[in-house]
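Visitor: The structure file run-v5.tsv (TSV, C-alpha atoms) is provided below.
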chain	number	residue	atom	x	y	z
A	21	MET	CA	113.86	-136.28	184.62
A	22	ALA	CA	114.50	-135.97	180.91
A	23	ASN	CA	113.31	-132.35	180.93
A	24	ARG	CA	115.59	-131.51	183.83
A	25	GLN	CA	118.60	-132.89	181.90
A	26	VAL	CA	117.87	-131.11	178.61
A	27	THR	CA	116.77	-127.69	179.88
A	28	PRO	CA	120.17	-126.55	181.25
A	29	ASN	CA	121.72	-127.10	177.77
A	30	PHE	CA	119.42	-124.60	176.04
A	31	PRO	CA	121.49	-121.47	176.83
A	32	GLU	CA	124.62	-123.10	175.44
A	33	GLN	CA	122.81	-124.23	172.31
A	34	ILE	CA	121.36	-120.77	171.80
A	35	LYS	CA	124.78	-119.21	172.31
A	36	GLU	CA	126.38	-121.60	169.84
A	37	SER	CA	123.64	-120.97	167.26
A	38	ARG	CA	124.06	-117.23	167.59
A	39	LYS	CA	127.83	-117.59	167.09
A	40	LYS	CA	127.29	-119.66	163.94
A	41	ILE	CA	124.86	-117.08	162.60
A	42	ARG	CA	127.27	-114.24	163.33
A	43	ASP	CA	130.17	-116.12	161.71
A	44	SER	CA	128.08	-116.92	158.66
A	45	PHE	CA	126.94	-113.32	158.39
A	46	LYS	CA	130.54	-112.12	158.74
A	47	ARG	CA	131.75	-114.40	155.95
A	48	SER	CA	128.90	-113.32	153.69
A	49	HIS	CA	129.61	-109.69	154.46
A	50	GLU	CA	133.30	-110.11	153.64
A	51	ALA	CA	132.50	-111.87	150.37
A	52	LEU	CA	130.09	-109.10	149.41
A	53	GLN	CA	132.69	-106.51	150.33
A	54	VAL	CA	135.25	-108.15	148.02
A	55	ARG	CA	132.72	-108.22	145.22
A	56	GLU	CA	131.77	-104.59	145.87
A	57	ASN	CA	135.42	-103.51	145.75
A	58	ILE	CA	135.93	-105.33	142.46
A	59	LEU	CA	132.84	-103.72	140.94
A	60	LEU	CA	133.79	-100.26	142.21
A	61	SER	CA	137.29	-100.56	140.78
A	62	ARG	CA	135.75	-101.68	137.51
A	63	VAL	CA	133.51	-98.58	137.41
A	64	ASP	CA	136.50	-96.31	137.98
A	65	GLU	CA	138.48	-98.05	135.25
A	66	ILE	CA	135.61	-97.79	132.76
A	67	GLU	CA	135.23	-94.09	133.50
A	68	LYS	CA	138.95	-93.49	133.02
A	69	GLU	CA	138.97	-95.54	129.85
A	70	TYR	CA	135.95	-93.66	128.50
A	71	ASN	CA	137.61	-90.29	129.14
A	72	SER	CA	140.83	-91.49	127.56
A	73	LYS	CA	139.03	-92.85	124.50
A	74	THR	CA	137.06	-89.62	124.14
A	75	GLN	CA	140.25	-87.57	124.09
A	76	GLU	CA	141.88	-90.00	121.72
A	77	MET	CA	138.88	-89.89	119.38
A	78	ASN	CA	138.85	-86.08	119.29
A	79	LYS	CA	142.53	-86.00	118.40
A	80	LEU	CA	141.98	-88.74	115.85
A	81	VAL	CA	139.12	-86.91	114.11
A	82	GLU	CA	141.12	-83.70	113.94
A	83	ALA	CA	144.17	-85.43	112.51
A	84	LEU	CA	142.14	-87.49	110.05
A	85	ASN	CA	140.33	-84.44	108.74
A	86	LYS	CA	143.70	-82.83	108.10
A	87	GLU	CA	144.96	-85.96	106.36
A	88	MET	CA	141.80	-86.23	104.28
A	89	LYS	CA	142.02	-82.62	103.16
A	90	GLN	CA	145.62	-83.12	102.09
A	91	CYS	CA	144.74	-86.38	100.38
A	92	GLU	CA	141.89	-84.81	98.40
A	93	GLU	CA	144.14	-82.00	97.29
A	94	ASN	CA	146.63	-84.53	95.95
A	95	LEU	CA	143.89	-86.53	94.21
A	96	SER	CA	142.82	-83.90	91.70
A	97	ASP	CA	142.45	-86.31	88.77
A	98	ASN	CA	138.81	-87.34	88.18
A	99	LYS	CA	139.85	-90.98	87.72
A	100	LEU	CA	140.86	-91.09	91.39
A	101	THR	CA	137.44	-90.17	92.77
A	102	ASP	CA	136.58	-93.75	93.68
A	103	VAL	CA	139.82	-94.19	95.60
A	104	THR	CA	139.16	-91.01	97.58
A	105	GLU	CA	135.74	-92.33	98.51
A	106	ILE	CA	137.24	-95.64	99.61
A	107	VAL	CA	139.76	-93.87	101.83
A	108	ARG	CA	136.99	-91.78	103.38
A	109	THR	CA	134.83	-94.88	103.91
A	110	ALA	CA	137.67	-96.73	105.60
A	111	ILE	CA	138.42	-93.81	107.90
A	112	ASP	CA	134.76	-93.38	108.82
A	113	GLU	CA	134.56	-97.10	109.57
A	114	LYS	CA	137.50	-96.91	111.94
A	115	ILE	CA	136.07	-93.89	113.74
A	116	ARG	CA	132.80	-95.76	114.31
A	117	GLU	CA	134.70	-98.77	115.61
A	118	LEU	CA	136.71	-96.62	117.99
A	119	ILE	CA	133.54	-95.05	119.37
A	120	ALA	CA	131.64	-98.32	119.70
A	121	ASP	CA	134.36	-100.63	120.95
A	122	THR	CA	136.70	-99.77	123.80
A	123	ASP	CA	138.64	-103.02	123.44
A	124	THR	CA	142.28	-101.98	123.81
A	125	SER	CA	143.44	-105.17	122.13
A	126	ILE	CA	142.46	-103.62	118.77
A	127	GLU	CA	145.39	-101.63	117.41
A	128	PHE	CA	144.78	-99.19	114.59
A	129	GLU	CA	148.33	-97.84	114.61
A	130	TRP	CA	147.20	-94.31	113.92
A	131	ASP	CA	150.55	-92.88	115.06
A	132	ASN	CA	152.18	-94.50	112.07
A	133	LEU	CA	149.42	-93.09	109.88
A	134	PHE	CA	150.16	-89.53	111.01
A	135	GLU	CA	153.90	-89.89	110.46
A	136	THR	CA	153.78	-91.35	106.97
A	137	GLY	CA	150.52	-90.10	105.53
A	138	ILE	CA	147.77	-92.15	103.92
A	139	GLU	CA	149.64	-92.40	100.64
A	140	GLN	CA	152.40	-94.44	102.33
A	141	LEU	CA	150.09	-97.16	103.62
A	142	GLY	CA	150.10	-99.17	100.41
A	143	SER	CA	149.10	-99.14	96.77
A	144	ILE	CA	147.22	-101.20	94.21
A	145	LYS	CA	147.00	-101.33	90.43
A	146	LEU	CA	143.74	-100.06	88.95
A	147	ASN	CA	143.31	-99.68	85.15
A	148	GLY	CA	147.06	-99.97	84.73
A	149	GLU	CA	147.85	-97.08	87.05
A	150	THR	CA	149.17	-97.12	90.61
A	151	MET	CA	146.48	-95.88	92.96
A	152	ILE	CA	146.34	-95.12	96.65
A	153	SER	CA	144.85	-97.69	99.03
A	154	PRO	CA	144.45	-97.74	102.82
A	155	THR	CA	145.64	-100.69	104.90
A	156	ILE	CA	143.20	-101.74	107.59
A	157	ILE	CA	144.76	-103.03	110.82
A	158	PHE	CA	142.95	-105.76	112.76
A	159	PRO	CA	143.65	-107.40	116.15
A	160	PRO	CA	146.99	-109.23	116.55
A	161	HIS	CA	145.77	-112.65	115.41
A	162	VAL	CA	144.35	-111.14	112.19
A	163	LYS	CA	146.40	-109.92	109.24
A	164	PRO	CA	146.12	-106.51	107.50
A	165	VAL	CA	143.77	-106.41	104.52
A	166	VAL	CA	142.50	-103.90	101.96
A	167	PRO	CA	138.87	-103.21	101.04
A	168	ASP	CA	137.03	-104.77	98.15
A	169	TYR	CA	137.33	-102.01	95.54
A	170	LYS	CA	134.37	-103.25	93.50
A	171	THR	CA	131.82	-103.39	96.31
A	172	LYS	CA	133.63	-100.75	98.42
A	173	GLN	CA	133.07	-102.86	101.52
A	174	LEU	CA	135.58	-103.76	104.20
A	175	PRO	CA	136.02	-107.40	105.17
A	176	THR	CA	135.40	-108.14	108.84
A	177	ALA	CA	138.49	-110.33	109.26
A	178	TYR	CA	141.18	-112.18	107.41
A	179	CYS	CA	143.15	-114.64	109.46
A	180	CYS	CA	145.54	-117.50	108.89
A	181	LYS	CA	145.10	-117.84	105.15
A	182	LYS	CA	146.67	-120.98	103.79
A	183	SER	CA	149.44	-120.27	101.31
A	184	SER	CA	151.37	-122.32	98.81
A	185	GLU	CA	154.52	-120.54	100.01
A	186	GLN	CA	154.91	-122.78	103.04
A	187	LYS	CA	158.17	-122.56	104.92
A	188	SER	CA	160.57	-125.50	105.04
A	189	PRO	CA	160.68	-127.78	108.11
A	190	GLY	CA	162.40	-125.95	110.94
A	191	GLU	CA	161.26	-122.55	109.65
A	192	LEU	CA	158.36	-120.74	111.32
A	193	ASN	CA	155.74	-118.35	110.01
A	194	TYR	CA	153.93	-116.48	112.80
A	195	ALA	CA	154.68	-118.81	115.71
A	196	CYS	CA	152.02	-118.21	118.36
A	197	GLY	CA	152.00	-120.97	120.98
A	198	ILE	CA	154.68	-122.93	122.76
A	199	ALA	CA	154.63	-125.89	125.16
A	200	ILE	CA	157.37	-128.06	126.69
A	201	HIS	CA	157.08	-131.78	127.36
A	202	TYR	CA	158.38	-132.16	130.90
A	203	LYS	CA	159.91	-135.63	130.40
A	204	THR	CA	161.77	-135.22	127.11
A	205	GLY	CA	162.23	-131.45	127.20
A	206	ASN	CA	160.99	-131.28	123.60
A	207	ILE	CA	159.51	-127.95	122.56
A	208	TYR	CA	156.21	-127.92	120.66
A	209	VAL	CA	155.50	-124.73	118.66
A	210	THR	CA	152.30	-123.80	116.80
A	211	ASP	CA	153.50	-122.63	113.37
A	212	THR	CA	150.27	-120.73	112.80
A	213	ASP	CA	150.48	-119.44	109.22
A	214	ASN	CA	152.01	-122.72	108.05
A	215	HIS	CA	149.13	-124.61	109.69
A	216	ARG	CA	151.26	-127.09	111.57
A	217	VAL	CA	153.01	-127.83	114.85
A	218	GLN	CA	156.78	-128.14	114.79
A	219	VAL	CA	158.76	-129.98	117.45
A	220	PHE	CA	162.31	-129.07	118.50
A	221	SER	CA	164.72	-130.54	121.02
A	222	CYS	CA	165.62	-128.62	124.16
A	223	ASN	CA	168.75	-127.49	122.27
A	224	GLY	CA	166.63	-126.02	119.46
A	225	ASP	CA	167.27	-128.75	116.91
A	226	TYR	CA	164.37	-129.52	114.56
A	227	LEU	CA	162.86	-132.97	115.19
A	228	PHE	CA	159.57	-133.36	113.30
A	229	LEU	CA	156.26	-131.70	112.52
A	230	PHE	CA	152.61	-132.68	112.22
A	231	SER	CA	149.74	-130.95	110.45
A	232	GLU	CA	146.76	-133.32	110.33
A	233	GLU	CA	143.54	-131.25	110.32
A	234	MET	CA	145.37	-128.03	111.19
A	235	ASN	CA	143.67	-124.72	110.40
A	236	GLY	CA	145.38	-121.82	112.10
A	237	PRO	CA	146.79	-123.52	115.22
A	238	VAL	CA	147.42	-121.04	118.06
A	239	GLY	CA	147.19	-122.29	121.65
A	240	ILE	CA	148.95	-125.48	122.72
A	241	CYS	CA	149.45	-127.44	125.93
A	242	ILE	CA	150.67	-130.92	126.86
A	243	SER	CA	149.23	-133.19	129.53
A	244	HIS	CA	149.52	-136.92	130.17
A	245	ASN	CA	151.37	-137.47	126.87
A	246	LYS	CA	148.60	-135.77	124.90
A	247	VAL	CA	148.98	-132.56	122.91
A	248	PHE	CA	145.98	-130.21	122.80
A	249	VAL	CA	145.86	-127.49	120.12
A	250	THR	CA	143.30	-124.73	119.47
A	251	GLN	CA	142.48	-124.10	115.81
A	252	LEU	CA	141.81	-120.38	115.37
A	253	SER	CA	140.32	-120.54	111.89
A	254	GLY	CA	138.83	-123.98	112.39
A	255	HIS	CA	137.05	-122.94	115.64
A	256	CYS	CA	137.86	-126.29	117.23
A	257	ILE	CA	140.19	-128.16	119.60
A	258	ASN	CA	142.39	-131.05	118.43
A	259	MET	CA	143.98	-133.74	120.57
A	260	TYR	CA	147.15	-135.48	119.31
A	261	GLU	CA	149.61	-138.08	120.47
A	262	LEU	CA	153.10	-136.79	121.25
A	263	GLU	CA	154.25	-138.06	117.85
A	264	GLY	CA	151.57	-136.00	116.09
A	265	LYS	CA	148.87	-138.55	115.32
A	266	LEU	CA	145.39	-137.03	115.56
A	267	ILE	CA	143.27	-138.67	118.25
A	268	LYS	CA	140.17	-136.52	118.27
A	269	SER	CA	138.81	-133.12	117.26
A	270	VAL	CA	135.81	-131.28	118.67
A	271	GLY	CA	134.09	-128.01	117.90
A	272	SER	CA	132.75	-125.83	115.14
A	273	GLU	CA	132.03	-122.14	114.70
A	274	GLY	CA	129.17	-120.99	116.93
A	275	ASN	CA	128.18	-119.99	120.45
A	276	ARG	CA	126.60	-123.18	121.75
A	277	ARG	CA	128.19	-125.78	124.00
A	278	ALA	CA	131.42	-127.20	122.53
A	279	GLN	CA	131.28	-124.58	119.77
A	280	PHE	CA	133.89	-121.85	119.54
A	281	ASN	CA	134.47	-118.41	118.08
A	282	TYR	CA	138.23	-117.96	117.66
A	283	PRO	CA	139.62	-120.14	120.48
A	284	LEU	CA	143.01	-118.96	121.74
A	285	GLY	CA	144.91	-120.13	124.85
A	286	LEU	CA	144.13	-123.32	126.75
A	287	ASP	CA	145.39	-125.29	129.74
A	288	VAL	CA	144.75	-128.63	131.49
A	289	SER	CA	143.90	-128.98	135.17
A	290	ASP	CA	146.13	-131.35	137.14
A	291	ARG	CA	143.26	-132.01	139.57
A	292	ASN	CA	140.75	-133.54	137.16
A	293	ASN	CA	142.38	-133.35	133.68
A	294	ASN	CA	139.67	-130.95	132.47
A	295	ILE	CA	140.68	-128.67	129.61
A	296	TYR	CA	140.06	-124.91	129.94
A	297	VAL	CA	139.75	-123.09	126.60
A	298	CYS	CA	139.66	-119.32	125.95
A	299	ASP	CA	136.62	-118.98	123.70
A	300	CYS	CA	137.64	-115.43	122.82
A	301	TYR	CA	134.81	-113.93	120.79
A	302	ASN	CA	132.16	-115.82	122.74
A	303	HIS	CA	133.56	-114.01	125.82
A	304	ARG	CA	133.89	-117.09	127.99
A	305	ILE	CA	136.04	-120.01	129.10
A	306	GLN	CA	134.75	-123.40	128.01
A	307	ILE	CA	135.72	-126.40	130.12
A	308	LEU	CA	135.97	-129.81	128.45
A	309	THR	CA	136.67	-133.23	129.90
A	310	GLU	CA	139.84	-135.11	128.98
A	311	GLU	CA	137.77	-136.88	126.30
A	312	LEU	CA	136.95	-133.43	124.82
A	313	LYS	CA	133.32	-133.56	125.92
A	314	TYR	CA	131.60	-130.42	127.14
A	315	HIS	CA	131.71	-129.98	130.93
A	316	SER	CA	130.88	-126.38	131.92
A	317	MET	CA	131.61	-122.69	131.34
A	318	LEU	CA	133.39	-119.96	133.25
A	319	GLY	CA	133.32	-116.16	133.15
A	320	ILE	CA	129.92	-115.61	131.53
A	321	ASP	CA	128.92	-111.90	131.70
A	322	LEU	CA	132.37	-111.14	133.12
A	323	LEU	CA	135.01	-111.79	130.48
A	324	LYS	CA	135.33	-109.65	127.37
A	325	TYR	CA	138.08	-111.15	125.23
A	326	PRO	CA	139.87	-113.94	127.13
A	327	ARG	CA	143.25	-114.63	125.55
A	328	ASP	CA	145.03	-117.09	127.81
A	329	VAL	CA	144.27	-119.25	130.83
A	330	LYS	CA	146.34	-121.13	133.40
A	331	VAL	CA	145.05	-123.63	135.97
A	332	THR	CA	146.80	-124.40	139.27
A	333	ARG	CA	145.61	-126.72	142.04
A	334	ASP	CA	143.64	-123.97	143.77
A	335	ARG	CA	143.21	-121.21	141.18
A	336	VAL	CA	142.17	-120.46	137.62
A	337	LEU	CA	143.77	-117.34	136.10
A	338	VAL	CA	142.36	-115.77	132.93
A	339	LEU	CA	144.10	-113.03	130.94
A	340	ASP	CA	141.46	-110.72	129.47
A	341	GLY	CA	142.74	-108.49	126.70
A	342	SER	CA	140.18	-105.73	127.03
A	343	ASP	CA	141.70	-103.77	129.92
A	344	PRO	CA	144.17	-105.63	130.18
A	345	CYS	CA	143.60	-107.49	133.42
A	346	MET	CA	143.80	-110.90	135.06
A	347	PHE	CA	140.70	-112.53	136.56
A	348	VAL	CA	141.41	-114.95	139.41
A	349	PHE	CA	138.93	-117.71	140.31
A	350	ASN	CA	139.22	-120.30	143.06
A	351	SER	CA	138.95	-124.04	142.43
A	352	ASP	CA	135.16	-123.77	142.69
A	353	HIS	CA	135.19	-121.14	139.91
A	354	VAL	CA	134.19	-118.30	142.25
A	355	LEU	CA	135.79	-114.96	141.38
A	356	THR	CA	138.23	-113.98	144.13
A	357	ASN	CA	140.31	-111.19	142.60
A	358	ARG	CA	140.93	-109.02	139.59
A	359	LEU	CA	144.54	-108.02	138.95
A	360	ILE	CA	145.36	-104.95	136.88
A	361	THR	CA	148.50	-106.07	135.06
A	362	ILE	CA	149.70	-102.83	133.51
A	363	GLY	CA	153.26	-102.65	134.86
A	364	ASP	CA	154.98	-99.97	136.89
A	365	ASP	CA	155.73	-97.96	133.75
A	366	LYS	CA	151.99	-97.90	132.85
A	367	GLN	CA	152.96	-99.09	129.38
A	368	THR	CA	151.57	-102.63	129.17
A	369	ASN	CA	149.90	-102.44	125.80
A	370	ASN	CA	148.95	-105.78	124.36
A	371	PRO	CA	149.54	-108.81	126.59
A	372	LEU	CA	148.70	-112.03	124.76
A	373	CYS	CA	150.00	-115.00	126.75
A	374	PHE	CA	151.30	-115.76	130.21
A	375	ASP	CA	152.60	-118.58	132.35
A	376	ILE	CA	153.14	-119.21	136.08
A	377	ASP	CA	156.43	-120.20	137.70
A	378	ARG	CA	156.97	-122.34	140.79
A	379	GLU	CA	156.56	-119.32	143.07
A	380	TYR	CA	153.23	-118.52	141.37
A	381	ASN	CA	154.63	-115.39	139.72
A	382	ILE	CA	152.89	-114.36	136.51
A	383	ILE	CA	155.20	-114.14	133.47
A	384	MET	CA	153.46	-112.30	130.64
A	385	SER	CA	154.46	-111.44	127.08
A	386	ASP	CA	153.64	-107.96	125.76
A	387	TYR	CA	153.15	-108.14	122.01
A	388	ALA	CA	153.13	-104.41	121.27
A	389	ASN	CA	155.95	-103.36	123.64
A	390	HIS	CA	158.28	-106.21	122.61
A	391	CYS	CA	159.02	-107.27	126.17
A	392	VAL	CA	158.10	-109.62	129.02
A	393	TYR	CA	156.67	-108.58	132.38
A	394	VAL	CA	156.83	-110.52	135.65
A	395	PHE	CA	154.17	-109.93	138.32
A	396	ASN	CA	153.67	-111.46	141.75
A	397	GLN	CA	150.39	-113.06	142.86
A	398	GLU	CA	148.97	-109.66	143.79
A	399	GLY	CA	149.63	-108.23	140.31
A	400	GLU	CA	152.60	-106.10	141.38
A	401	GLN	CA	155.42	-105.86	138.87
A	402	ILE	CA	158.66	-107.38	140.09
A	403	HIS	CA	160.62	-107.53	136.84
A	404	LYS	CA	160.61	-106.56	133.18
A	405	PHE	CA	163.01	-107.60	130.44
A	406	GLY	CA	163.41	-107.30	126.69
A	407	LYS	CA	163.10	-104.61	124.07
A	408	GLU	CA	162.48	-104.41	120.34
A	409	GLY	CA	165.22	-105.98	118.29
A	410	GLN	CA	166.79	-109.21	117.01
A	411	GLY	CA	169.70	-109.56	119.42
A	412	ILE	CA	169.99	-111.74	122.50
A	413	GLY	CA	167.44	-110.62	125.08
A	414	GLU	CA	165.50	-108.66	122.45
A	415	PHE	CA	162.05	-109.43	121.02
A	416	TYR	CA	159.79	-108.51	118.14
A	417	ARG	CA	156.13	-108.93	119.08
A	418	PRO	CA	156.51	-111.85	121.50
A	419	PHE	CA	153.50	-114.16	121.67
A	420	GLY	CA	153.60	-117.58	123.34
A	421	ILE	CA	155.49	-118.18	126.58
A	422	ALA	CA	156.27	-121.31	128.59
Would you write the structure of this file as structure tokens?
Guide:
Amino acid sequence: MANRQVTPNFPEQIKESRKKIRDSFKRSHEALQVRENILLSRVDEIEKEYNSKTQEMNKLVEALNKEMKQCEENLSDNKLTDVTEIVRTAIDEKIRELIADTDTSIEFEWDNLFETGIEQLGSIKLNGETMISPTIIFPPHVKPVVPDYKTKQLPTAYCCKKSSEQKSPGELNYACGIAIHYKTGNIYVTDTDNHRVQVFSCNGDYLFLFSEEMNGPVGICISHNKVFVTQLSGHCINMYELEGKLIKSVGSEGNRRAQFNYPLGLDVSDRNNNIYVCDCYNHRIQILTEELKYHSMLGIDLLKYPRDVKVTRDRVLVLDGSDPCMFVFNSDHVLTNRLITIGDDKQTNNPLCFDIDREYNIIMSDYANHCVYVFNQEGEQIHKFGKEGQGIGEFYRPFGIA
């Protein structure tokens, strides 16, 4: 009797199993298709970027050869031989960098070089006489420097050097990050080159500052009455009370867990209070618990130079400065989309920070074009405002945005 009752159900069970298999296969196929489309678009972009860089390099070499010839003609005095060699070394170094690294976040400002000539880039005193010296331009968080004229070697970076010429309270020197406390409306600003965070009222009035264990503060966010700040030169993350008292600091320079290599933007998840940190030159996002303990990583073998990150209830968005583009992950950290945020005018040059409004639009600052772009969730531009200047509605190299 038992067999007679079970046997008639077999066809239905088989049918249901087949349906589940087909549905599972369909979902897997769709997921693979999304991944394939992302990879194919990436291949096309790399090819276009390679062709563009090749053309740019050829023009650069031609122009630099012309500049070098003119420079050598002007430097006829034997005492200037060393300076000529330094200029040539610096130019050769930049050509090698341009060939080896396609990171568009690195700006060499060659256009300015062609307009003014090498002799206008700066000067130094050598043996009592004014000599020619090249100025080497580094990425936006790094300041211009000149070579070591004794060893004839270029430094790899010079960032956020502490100076005795610190600005007065209320004055800013290279303000990079900004965050707003939702209850008080107070505005927290990372005063990067002064190695401190300054706090202003919602009307812009100076309130107070704090600087305990600050070393090049850049990224900043506020969550649950705690202030989290990335230290660019210190390669660490600091946690403060709203009043500026240091609670905890974690990190050191390196590529292991809870170590950083120039951390930039950061954000806190409302779901679990985890802290997402752009570990820029380790090419990854590090995720820490609310106690600043290591939790996990995101974007390994995918991100190049993550600059800023924002976490919503169902998505994690990462601004990568190499293309530029925006990687979108779901709450399980699975890549779901890759948005090409270049703007309708094809001019987006150096986006550094972004934020998300209530309608999930992406509001992004463009450092090099002195403006702000607004994109929808699909990466389509819906607005652009600002231009270079000091008037109302004008910007000069905008950085942080909130």
Visitor: Any idea what's packed within 7 Å of range 267-281 of chain A, counting all atoms listed in the file, ignoring anything in its chain fewer than 4 positions away? Could you give it as a PyMOL selection string?
Guide: chain A and resi 254-261+299-302+312+314
Visitor: Given the choices A:Gly264, A:Phe419, A:Asp386, A:Ile41, which gets closest to Gly406 in chain A if the distance is worked out from only C-alpha atoms?
Guide: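 That would be A:Asp386, the residue with the smallest distance to Gly406 in chain A.
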Visitor: Measuring between all atoms listed in the file, which one of A:Leu355, A:Gly239, A:His315, A:Tyr226 shows the shortest distance to Cys298 in chain A?
Guide: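 For Cys298 in chain A, the nearest of the given residues is A:Gly239.
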Visitor: Which distance in Å separates CA of Gln306 in chain A and CA of Leu318 in chain A, to one decimal?
Guide: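 Computing it gives 6.4 Å between the two atoms.
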Visitor: Choose the residue, out of A:Tyr296, A:Phe415, A:Tyr282, A:Tyr380, that has the smallest atom-to-atom separation from Asp334 in chain A; count only C-alpha atoms.
Guide: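 Nearest candidate to Asp334 in chain A out of A:Tyr296, A:Phe415, A:Tyr282, A:Tyr380: A:Tyr380.
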Visitor: So, with only C-alpha atoms as the atoms that count, which of A:Leu359, A:Leu192, A:Ala388, A:Ile295 lies closest to Glu311 in chain A?
Guide: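 With only C-alpha atoms as the atom set, the closest residue is A:Ile295.
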Visitor: Measure the distance from CA of Ser316 in chain A to CA of His244 in chain A in Å and round it to one decimal.
Guide: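 Computing the Euclidean distance for CA of Ser316 in chain A and CA of His244 in chain A yields 21.5 Å.
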Visitor: Just to confirm, what's the straight-line distance from CA of Val219 in chain A to CA of Ala195 in chain A in Å (one decimal)?
Guide: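 Atom-to-atom, CA of Val219 in chain A and CA of Ala195 in chain A are spaced 12.0 Å apart.
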Visitor: Between A:Asp343, A:Asn245, A:Asn206, A:Glu233, single out the one closest to Ile66 in chain A, counting only C-alpha atoms.
Guide: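 Result for the nearest residue to Ile66 in chain A: A:Asp343.
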Visitor: Let me make sure I understand: among A:Ile207, A:Ile402, A:Leu372, A:Leu308, which one has the smallest atom-to-atom distance to His390 in chain A if we use all atoms listed in the file?
Guide: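 Of all the options, A:Leu372 lies closest to His390 in chain A.
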Visitor: List as JSON, numbers by chain the residues having at least one atom at most 7 Å from position (145.7, -118.5, 128.3) as given in the file, counting only C-alpha atoms.
Guide: {"A": [285, 286, 287, 298, 327, 328, 329, 330, 338, 339, 373, 374]}
